[in-house]
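Contents: one structure, followed by commentary.
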Amino acid sequence: MLEADEILMFTAAQEGLTEYVNDGMRQRFADMVATFNKNGEIPAARLPQALDDFRTLVKHRLMIERDFALYPEIAKEEIVQPIFVIGNPRTGTTILQCLLAEDEQNQMLRYWQSHYPSPPPGIAPETVEGRIQRTTELVRGLVDLMPQMLPCHPYLDQGGMAELEDEDLFTLDFQSTFPFHFSHVPILPVGAVPRDPVAAFRFHKRMLQYFQWKNPKKRWVCKGTSHQFLLSALWEVYPDALCIWPHRAPAEFLASTMEMIDVLYGPITGVEHRPHAHAFINEIQAGYDRPEFH
């Protein structure tokens, strides 16, 4: 059984960041760890690596909180009319995001920004190349672990510069369980919808401000494959956002998604995930049953 508060406070003390822990953070981390505990117990042989995944996530979250305390002016950054590519997975969302980001007036989040976010790149540009290289090594390790992932998601060939999904960013605030943060946790739960969508998007906006601060101002192009179910929360935080929703025949994207889940989670958990197709379809149906669609 994982002990959330023990992991959080041990990491905070080890990194000298205890003062940046708050009650909301403790509760979100406890809720996130609880989802892992419900899925089983980590084998003793894999516990050290699994704990390292959790501690790394906590360290980065606390470093971000420290940076906001040190540089309160970050919160004054204006995020103007961001673009959000929304829609179900395997419907062309990634290629659309990447194509939109090719416009020199646009920018998108990159993989290194979630996995080595601190310090804000605007005050330490000389550190960015090293962070990209370290993240590229991390991506190579993931591809080695999941050899079929690259053919399914070829954008990973960009390493640390690969596009970043918003659910990955939500995980930094313990609002989601994006798998690339937990590649050594064999009881990884499937699911990426945040518990508190408004809070998740508020954190997301803070991070756009964080990465934009002291850098050239460009329009952000973001992407989330659960955002179509969270539109009221998205527009509460980003009232001027532009959402673009690509579509694909349900039978095609559902089959492709189940294959992707197996490719992604199978090597981590050792479990066949395609039998969970009905549960996945039920989750999508629940999303479309939300009031936004009626």
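Within each chain, counting starts at residue 1; across the structure tokens, chains are named A, B, ... in the order shown, with ligands numbered 1 upward in that order.
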Note to self: Give me the residues near Tyr155 in chain A as a PyMOL selection string, where near means some atom within 12 Å (using only C-alpha atoms) and where sequence neighbours in that chain fewer than 2 positions away do not count.
What the structure shows: chain A and resi 94-95+97-99+110-111+139+143+149-153+157-165
Dump C-alpha atoms for the selected residues as a compact mmCIF listing (two decimals), in the first residue's frame?
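Written file, out_20.txt:
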# COMPACT_ATOMS: atom_id res chain seq x y z
CA THR A 94 -2.04 15.33 -32.55
CA ILE A 95 -1.31 15.99 -36.21
CA GLN A 97 -2.05 20.42 -33.13
CA CYS A 98 1.38 20.00 -34.71
CA LEU A 99 0.26 21.51 -38.01
CA ARG A 110 6.72 20.38 -25.53
CA TYR A 111 7.45 17.19 -23.67
CA VAL A 139 11.62 9.32 -24.28
CA VAL A 143 10.19 3.74 -26.55
CA MET A 149 4.56 2.96 -29.33
CA LEU A 150 6.64 4.77 -31.95
CA PRO A 151 4.75 3.34 -34.95
CA CYS A 152 1.47 4.28 -33.24
CA HIS A 153 2.65 7.73 -32.19
CA ASP A 157 10.79 10.66 -32.61
CA GLN A 158 11.19 14.32 -31.65
CA GLY A 159 12.22 13.29 -28.16
CA GLY A 160 12.09 16.17 -25.71
CA MET A 161 10.55 18.43 -28.35
CA ALA A 162 7.56 16.13 -28.95
CA GLU A 163 4.12 17.69 -28.48
CA LEU A 164 2.67 17.66 -24.97
CA GLU A 165 -0.91 16.71 -24.20
Strand (DSSP E or B) residues, from DSSP on the backbone, in range 99-266 of chain A, as a short mmCIF file (atom, residue, chain, number, x, y, z; two decimals) with N, CA and C atoms, in the first residue's frame:
data_model
loop_
_atom_site.label_atom_id
_atom_site.label_comp_id
_atom_site.auth_asym_id
_atom_site.auth_seq_id
_atom_site.Cartn_x
_atom_site.Cartn_y
_atom_site.Cartn_z
N ASN A 106 2.44 30.86 -33.71
CA ASN A 106 1.88 29.96 -32.71
C ASN A 106 2.98 29.20 -31.99
N GLN A 107 2.63 28.58 -30.88
CA GLN A 107 3.55 27.72 -30.15
C GLN A 107 2.74 26.67 -29.40
N ARG A 110 5.84 21.48 -25.12
CA ARG A 110 6.72 20.38 -25.53
C ARG A 110 6.94 19.43 -24.35
N GLU A 163 5.27 16.94 -28.99
CA GLU A 163 4.12 17.69 -28.48
C GLU A 163 3.67 17.14 -27.14
N ARG A 219 0.65 32.80 -29.81
CA ARG A 219 -0.61 32.13 -29.44
C ARG A 219 -0.32 30.67 -29.11
N TRP A 220 -0.91 30.20 -28.02
CA TRP A 220 -0.72 28.81 -27.61
C TRP A 220 -1.69 27.90 -28.36
N VAL A 221 -1.18 26.75 -28.80
CA VAL A 221 -1.99 25.70 -29.40
C VAL A 221 -1.89 24.49 -28.48
N CYS A 222 -2.99 24.15 -27.84
CA CYS A 222 -3.01 23.06 -26.86
C CYS A 222 -3.88 21.92 -27.35
N LYS A 223 -3.80 20.79 -26.65
CA LYS A 223 -4.58 19.62 -27.07
C LYS A 223 -4.95 18.76 -25.88
N GLY A 224 -6.20 18.32 -25.85
CA GLY A 224 -6.62 17.36 -24.83
C GLY A 224 -7.72 16.47 -25.38
N LEU A 242 -10.44 29.27 -28.55
CA LEU A 242 -10.97 28.73 -29.80
C LEU A 242 -10.76 27.22 -29.77
N CYS A 243 -11.85 26.45 -29.89
CA CYS A 243 -11.75 24.99 -29.85
C CYS A 243 -12.00 24.42 -31.25
N ILE A 244 -11.18 23.47 -31.63
CA ILE A 244 -11.29 22.79 -32.92
C ILE A 244 -11.43 21.29 -32.65
#
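One finds CA of Gln175 in chain A at 21.5 Å from CA of Ile79 in chain A.
CA of Pro117 in chain A to CA of Pro246 in chain A spans 29.6 Å [interatomic distance, one decimal].
CA of Thr225 in chain A to CA of Asn37 in chain A spans 25.3 Å [interatomic distance, one decimal].
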Notebook entry, point to check: Which one of A:Gly87, A:Pro267, A:Pro216, A:Gly24 sits closest to Pro186 in chain A if you count only C-alpha atoms?
Noted result: A:Pro267
